[in-house]
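The next block holds one structure in the form of structure tokens; read it before the comments.
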2 protein chains.
Amino acid sequence: MPKTSPTADGRGRHESLRAPHSRAAIADRRRAELLEAARQVVLERGMSSTRVADVASATNVSGGLIHYHFATKDDLIAEMLRASSLEEQQQLERVASDSGDAVTRLDRVIRHYLPRTKDDQSWVLWIEAWAASLRSPVLRNILAELERAWLAVLERVIREGVAAGELDCDDPSGAAERIDALLDGLLLRATVHPEAISRRRLLEHARTVAAHEVGLDRSAFPRA
Amino acid sequence: MPKTSPTADGRGRHESLRAPHSRAAIADRRRAELLEAARQVVLERGMSSTRVADVASATNVSGGLIHYHFATKDDLIAEMLRASSLEEQQQLERVASDSGDAVTRLDRVIRHYLPRTKDDQSWVLWIEAWAASLRSPVLRNILAELERAWLAVLERVIREGVAAGELDCDDPSGAAERIDALLDGLLLRATVHPEAISRRRLLEHARTVAAHEVGLDRSAFPRA
DNA sequence: CGAGGTGCTGACTGGTCGGTCAGTTAACAC
DNA sequence: GTGTTAACTGACCGACCAGTCAGCACCTCG
């Protein structure tokens, strides 16, 4: 039986490489399903009041099955966050490496940060995770990795823009840290007090700061 | 018997105005003592794993007493946050209204934001509160008030600096929002991953952005 | 075919913890 | 001093819930 984290064992990783009806593939699919359900439940109920029974019933599965696939509830949640972080990193990579000039790409990364709709809850997960990570080295590592990915992407886009002569910035790493911090702060506020600040204003702030950091005028970025 | 929040009843507020051995004064002191203990316990154990028994034993008091003074555990924690928020606002007010030119005051506000030492845990409380507020309108209101206070102070200092001809900023409210967001983001990072960014760098980022927002050169603010 | 392993069930348990309550002590009112 | 009420105790309870376990059905491989 499993109970080992999928990244911890030595076997091949990608479900898609396996026979789709092999036992390993079935288990992988079930694991993914449970992780997704856990994500939903955490979004709805919050991390600390999520019960394993909730995840079970959201998947129409017995409570025992959760502990068949995941040793503890903390394991389940950590794996869920790891999976979410990985997915986020992949999306990020895609957004940042798409074609376009430096300003276009930077603006795309910024827009990717921001919530899409009024009640986009994607950041709820990370706010909960920040708090939980204060008590869990495991979660802290997962978050640190995601954070590094964000910083790396911002820095890379800026550096490439500078190299191409499109941007002007003598401290890409510092600029990335400042933009990243600004966006985290704005998003935190927007998620906790959605009525206090509009998406439009969020985006405007982000573009204002980004433009300045890369030595351009605000008008170099798209209008509202 | 009490069980009413101190801000909810109509009686006079300040313990210091009462006879120090009157029953009301004793109850007020006990309440304050319990709130402070709750704060300690939350800092140590986290919000969701804080037990009322922990607060009781940290105060050398019976478990029942907690529920004599506070209807529920959630009440206790909300009151504790309200008290912390109020204290924070008072400190803030003091820091911002002390004498000095605009740059000095702005720099003082910024430094007040930042943690004093390597393991200053003051922000832990607010990170936990952000997460918890996602599920509690009561907490959300407490945080919104504190947030408004921060923004108001930043905006006021900038406006007064502009009026005095010391600063140049055509959107004090926007600048305050951006500086505030930057600081929240930086502090979040510094608290969750203290090893990832030094206090010095934090302060440097804050001063860099603040200087730009008020139309000054970085050199107008103190060096490291 | 049969043996052994895998995915899964659901009843159960042991511990935890918020909240209650009957009772005690001492301050205060009259 | 006598009655009343505030502050407080600590035993208790009942709900909740993570994790266990015996057993079952099915797949797969020899």
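Each chain of the structure tokens is named A, B, ... in the order shown, its residues numbered from 1; ligands are numbered from 1 in display order.
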
Non-local contacts of range 21-29 of chain C (10 Å; only C-alpha atoms (C1' of nucleotides); under 5 positions in same chain excluded) as a PyMOL selection string
(chain B and resi 21-23+64) or (chain D and resi 3-9+11-12)

Once you count only C-alpha atoms, what closest atom pair and distance in Å to one decimal does each residue of chain B within 8 Å of chain A have, with rows by chain and rising residue number, as a Markdown table?
| residue | atom | partner | partner_atom | distance |
| --- | --- | --- | --- | --- |
| B:Arg45 | CA | A:Arg135 | CA | 7.9 |
| B:Gly46 | CA | A:Arg135 | CA | 7.5 |
| B:Ser48 | CA | A:Ser48 | CA | 6.4 |
| B:Val124 | CA | A:Leu134 | CA | 7.6 |
| B:Ile127 | CA | A:Ala131 | CA | 5.7 |
| B:Glu128 | CA | A:Ala131 | CA | 5.0 |
| B:Trp130 | CA | A:Val192 | CA | 6.9 |
| B:Ala131 | CA | A:Glu128 | CA | 5.0 |
| B:Ala132 | CA | A:Glu128 | CA | 7.9 |
| B:Ser133 | CA | A:Val192 | CA | 7.1 |
| B:Leu134 | CA | A:Val192 | CA | 6.2 |
| B:Arg135 | CA | A:Gly46 | CA | 7.4 |
| B:Arg140 | CA | A:Val192 | CA | 7.2 |
| B:Ala144 | CA | A:His193 | CA | 7.1 |
| B:Gly174 | CA | A:His205 | CA | 7.7 |
| B:Arg178 | CA | A:His205 | CA | 6.7 |
| B:Ile179 | CA | A:Leu182 | CA | 7.9 |
| B:Asp180 | CA | A:Gly185 | CA | 7.6 |
| B:Ala181 | CA | A:Gly185 | CA | 4.1 |
| B:Leu182 | CA | A:Leu182 | CA | 4.1 |
| B:Leu183 | CA | A:Gly185 | CA | 7.3 |
| B:Asp184 | CA | A:Gly185 | CA | 5.0 |
| B:Gly185 | CA | A:Ala181 | CA | 4.1 |
| B:Leu186 | CA | A:Ala181 | CA | 5.2 |
| B:Arg189 | CA | A:Ala181 | CA | 7.8 |
| B:Val192 | CA | A:Leu134 | CA | 6.2 |
| B:His193 | CA | A:Ala144 | CA | 7.1 |
| B:His205 | CA | A:Arg178 | CA | 6.7 |

So that I have them on file, write out the residues from the current selection with N, CA and C atoms, as a PDB file, in the first residue's frame.
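Contents of again-v2.pdb, freshly written:
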ATOM      1  N   ARG B  45       1.324  29.223  20.255  1.00  0.00           N
ATOM      2  CA  ARG B  45       0.694  28.009  19.742  1.00  0.00           C
ATOM      3  C   ARG B  45      -0.074  28.210  18.460  1.00  0.00           C
ATOM      4  N   GLY B  46      -0.335  29.435  18.096  1.00  0.00           N
ATOM      5  CA  GLY B  46      -1.183  29.686  16.941  1.00  0.00           C
ATOM      6  C   GLY B  46      -2.634  29.795  17.346  1.00  0.00           C
ATOM      7  N   SER B  48      -5.526  28.669  16.019  1.00  0.00           N
ATOM      8  CA  SER B  48      -6.482  27.562  15.991  1.00  0.00           C
ATOM      9  C   SER B  48      -6.119  26.485  16.987  1.00  0.00           C
ATOM     10  N   VAL B 124       3.384  38.022  13.641  1.00  0.00           N
ATOM     11  CA  VAL B 124       2.761  36.706  13.632  1.00  0.00           C
ATOM     12  C   VAL B 124       1.275  36.829  13.943  1.00  0.00           C
ATOM     13  N   ILE B 127      -0.655  38.039  10.911  1.00  0.00           N
ATOM     14  CA  ILE B 127      -0.738  37.052   9.828  1.00  0.00           C
ATOM     15  C   ILE B 127      -1.793  36.003  10.168  1.00  0.00           C
ATOM     16  N   GLU B 128      -1.768  35.548  11.401  1.00  0.00           N
ATOM     17  CA  GLU B 128      -2.809  34.616  11.837  1.00  0.00           C
ATOM     18  C   GLU B 128      -4.188  35.263  11.709  1.00  0.00           C
ATOM     19  N   TRP B 130      -5.138  37.669   9.703  1.00  0.00           N
ATOM     20  CA  TRP B 130      -5.578  37.772   8.311  1.00  0.00           C
ATOM     21  C   TRP B 130      -6.268  36.484   7.883  1.00  0.00           C
ATOM     22  N   ALA B 131      -5.608  35.370   8.159  1.00  0.00           N
ATOM     23  CA  ALA B 131      -6.187  34.092   7.756  1.00  0.00           C
ATOM     24  C   ALA B 131      -7.523  33.857   8.447  1.00  0.00           C
ATOM     25  N   ALA B 132      -7.564  34.095   9.743  1.00  0.00           N
ATOM     26  CA  ALA B 132      -8.797  33.831  10.489  1.00  0.00           C
ATOM     27  C   ALA B 132      -9.925  34.755  10.033  1.00  0.00           C
ATOM     28  N   SER B 133      -9.561  35.965   9.643  1.00  0.00           N
ATOM     29  CA  SER B 133     -10.589  36.944   9.264  1.00  0.00           C
ATOM     30  C   SER B 133     -11.319  36.528   7.993  1.00  0.00           C
ATOM     31  N   LEU B 134     -10.727  35.623   7.239  1.00  0.00           N
ATOM     32  CA  LEU B 134     -11.404  35.154   6.033  1.00  0.00           C
ATOM     33  C   LEU B 134     -12.709  34.456   6.378  1.00  0.00           C
ATOM     34  N   ARG B 135     -12.806  33.997   7.627  1.00  0.00           N
ATOM     35  CA  ARG B 135     -14.020  33.267   8.064  1.00  0.00           C
ATOM     36  C   ARG B 135     -14.792  33.984   9.146  1.00  0.00           C
ATOM     37  N   ARG B 140     -12.683  40.489  10.684  1.00  0.00           N
ATOM     38  CA  ARG B 140     -12.480  41.303   9.487  1.00  0.00           C
ATOM     39  C   ARG B 140     -12.640  42.777   9.832  1.00  0.00           C
ATOM     40  N   ALA B 144      -9.904  45.647   9.474  1.00  0.00           N
ATOM     41  CA  ALA B 144     -10.176  46.757   8.557  1.00  0.00           C
ATOM     42  C   ALA B 144      -9.896  48.078   9.251  1.00  0.00           C
ATOM     43  N   GLY B 174      -3.078  57.321  -2.972  1.00  0.00           N
ATOM     44  CA  GLY B 174      -2.525  56.204  -3.732  1.00  0.00           C
ATOM     45  C   GLY B 174      -1.135  55.829  -3.250  1.00  0.00           C
ATOM     46  N   ARG B 178       0.152  52.243  -1.800  1.00  0.00           N
ATOM     47  CA  ARG B 178       1.267  51.475  -2.358  1.00  0.00           C
ATOM     48  C   ARG B 178       2.337  51.205  -1.306  1.00  0.00           C
ATOM     49  N   ILE B 179       2.661  52.217  -0.523  1.00  0.00           N
ATOM     50  CA  ILE B 179       3.671  52.009   0.524  1.00  0.00           C
ATOM     51  C   ILE B 179       3.181  50.981   1.538  1.00  0.00           C
ATOM     52  N   ASP B 180       1.933  51.119   1.915  1.00  0.00           N
ATOM     53  CA  ASP B 180       1.342  50.189   2.875  1.00  0.00           C
ATOM     54  C   ASP B 180       1.383  48.757   2.344  1.00  0.00           C
ATOM     55  N   ALA B 181       0.994  48.585   1.093  1.00  0.00           N
ATOM     56  CA  ALA B 181       0.992  47.244   0.502  1.00  0.00           C
ATOM     57  C   ALA B 181       2.417  46.693   0.441  1.00  0.00           C
ATOM     58  N   LEU B 182       3.341  47.538   0.031  1.00  0.00           N
ATOM     59  CA  LEU B 182       4.731  47.091  -0.030  1.00  0.00           C
ATOM     60  C   LEU B 182       5.204  46.609   1.332  1.00  0.00           C
ATOM     61  N   LEU B 183       4.898  47.388   2.364  1.00  0.00           N
ATOM     62  CA  LEU B 183       5.365  47.028   3.698  1.00  0.00           C
ATOM     63  C   LEU B 183       4.699  45.738   4.173  1.00  0.00           C
ATOM     64  N   ASP B 184       3.405  45.608   3.940  1.00  0.00           N
ATOM     65  CA  ASP B 184       2.738  44.360   4.305  1.00  0.00           C
ATOM     66  C   ASP B 184       3.403  43.176   3.615  1.00  0.00           C
ATOM     67  N   GLY B 185       3.643  43.325   2.328  1.00  0.00           N
ATOM     68  CA  GLY B 185       4.250  42.232   1.577  1.00  0.00           C
ATOM     69  C   GLY B 185       5.643  41.905   2.074  1.00  0.00           C
ATOM     70  N   LEU B 186       6.437  42.930   2.320  1.00  0.00           N
ATOM     71  CA  LEU B 186       7.798  42.704   2.806  1.00  0.00           C
ATOM     72  C   LEU B 186       7.776  42.012   4.166  1.00  0.00           C
ATOM     73  N   ARG B 189       6.794  38.342   4.082  1.00  0.00           N
ATOM     74  CA  ARG B 189       7.944  37.557   3.663  1.00  0.00           C
ATOM     75  C   ARG B 189       8.971  37.427   4.779  1.00  0.00           C
ATOM     76  N   VAL B 192       7.586  35.047   7.530  1.00  0.00           N
ATOM     77  CA  VAL B 192       7.456  33.643   7.152  1.00  0.00           C
ATOM     78  C   VAL B 192       8.817  33.030   6.809  1.00  0.00           C
ATOM     79  N   HIS B 193       9.630  33.779   6.072  1.00  0.00           N
ATOM     80  CA  HIS B 193      10.967  33.271   5.729  1.00  0.00           C
ATOM     81  C   HIS B 193      12.025  34.251   6.198  1.00  0.00           C
ATOM     82  N   HIS B 205      14.520  48.634   0.959  1.00  0.00           N
ATOM     83  CA  HIS B 205      13.401  48.613  -0.002  1.00  0.00           C
ATOM     84  C   HIS B 205      12.350  49.652   0.370  1.00  0.00           C
TER      85      HIS B 205
END

Exercise for review: Identify, on the basis of only C-alpha atoms (C1' of nucleotides), every residue whose closest approach to DG15 in chain C does not exceed 12 Å; exclude the query and any residue fewer than 2 positions from it along the same chain; express the result as a list in words.
Suggested key: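 Close residues of DG15 in chain C: DT13 and DC17 of chain C; DC16, DC17, DA18 and DG19 of chain D.
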
Pairwise distance, CA of Arg111 in chain B with CA of Ala78 in chain B, equals 27.2 Å

Near chain D, which residues of chain B fall within 12 Å when you count only C-alpha atoms (C1' of nucleotides), and what do they look like as a ChimeraX atom specification? /B:1-2,22-28,30-31,56,60-69

How would the residues just chosen look if you wrote them out with C-alpha atoms as a PDB file, in the first residue's frame?
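Everything below was put into out31.pdb:
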ATOM      1  CA  MET B   1     -21.904  39.259  36.010  1.00  0.00           C
ATOM      2  CA  PRO B   2     -19.976  40.521  32.963  1.00  0.00           C
ATOM      3  CA  SER B  22     -13.597  48.309  43.446  1.00  0.00           C
ATOM      4  CA  ARG B  23     -15.032  45.165  41.990  1.00  0.00           C
ATOM      5  CA  ALA B  24     -15.262  46.738  38.564  1.00  0.00           C
ATOM      6  CA  ALA B  25     -11.566  47.614  38.656  1.00  0.00           C
ATOM      7  CA  ILE B  26     -10.666  44.092  39.732  1.00  0.00           C
ATOM      8  CA  ALA B  27     -12.689  42.611  36.925  1.00  0.00           C
ATOM      9  CA  ASP B  28     -11.145  44.984  34.410  1.00  0.00           C
ATOM     10  CA  ARG B  30      -8.452  40.411  35.316  1.00  0.00           C
ATOM     11  CA  ARG B  31      -9.885  40.827  31.852  1.00  0.00           C
ATOM     12  CA  ALA B  56      -6.203  29.609  32.058  1.00  0.00           C
ATOM     13  CA  ASN B  60      -2.892  30.450  37.060  1.00  0.00           C
ATOM     14  CA  VAL B  61      -6.620  30.519  36.965  1.00  0.00           C
ATOM     15  CA  SER B  62      -9.338  27.935  36.598  1.00  0.00           C
ATOM     16  CA  GLY B  63     -10.769  27.060  33.221  1.00  0.00           C
ATOM     17  CA  GLY B  64     -14.182  28.196  34.315  1.00  0.00           C
ATOM     18  CA  LEU B  65     -13.006  31.740  34.894  1.00  0.00           C
ATOM     19  CA  ILE B  66     -12.315  32.301  31.233  1.00  0.00           C
ATOM     20  CA  HIS B  67     -15.944  31.650  30.466  1.00  0.00           C
ATOM     21  CA  TYR B  68     -16.987  33.846  33.341  1.00  0.00           C
ATOM     22  CA  HIS B  69     -15.322  36.811  31.645  1.00  0.00           C
TER      23      HIS B  69
END

Hey, which bits of chain B sit within 8 Å of chain C, and for each residue what's the closest pair of atoms and how far apart in Å (one decimal), counting only C-alpha atoms (C1' of nucleotides), rows by chain and increasing number, as a Markdown table?
| residue | atom | partner | partner_atom | distance |
| --- | --- | --- | --- | --- |
| B:Arg51 | CA | C:DC17 | C1' | 7.4 |
| B:Val52 | CA | C:DG18 | C1' | 7.8 |
| B:His67 | CA | C:DG19 | C1' | 7.7 |
| B:Thr72 | CA | C:DG19 | C1' | 7.9 |
| B:Lys73 | CA | C:DG18 | C1' | 7.6 |

Give me every alpha helix (DSSP H) residue in chain A, going by DSSP on the backbone, as a PyMOL selection string.
chain A and resi 23-45+52-58+63-69+73-97+102-113+122-133+137-163+172-192+199-213

d(CA of Val103 in chain A, CA of Val214 in chain B) in Å =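 CA of Val103 in chain A sits 24.9 Å away from CA of Val214 in chain B.
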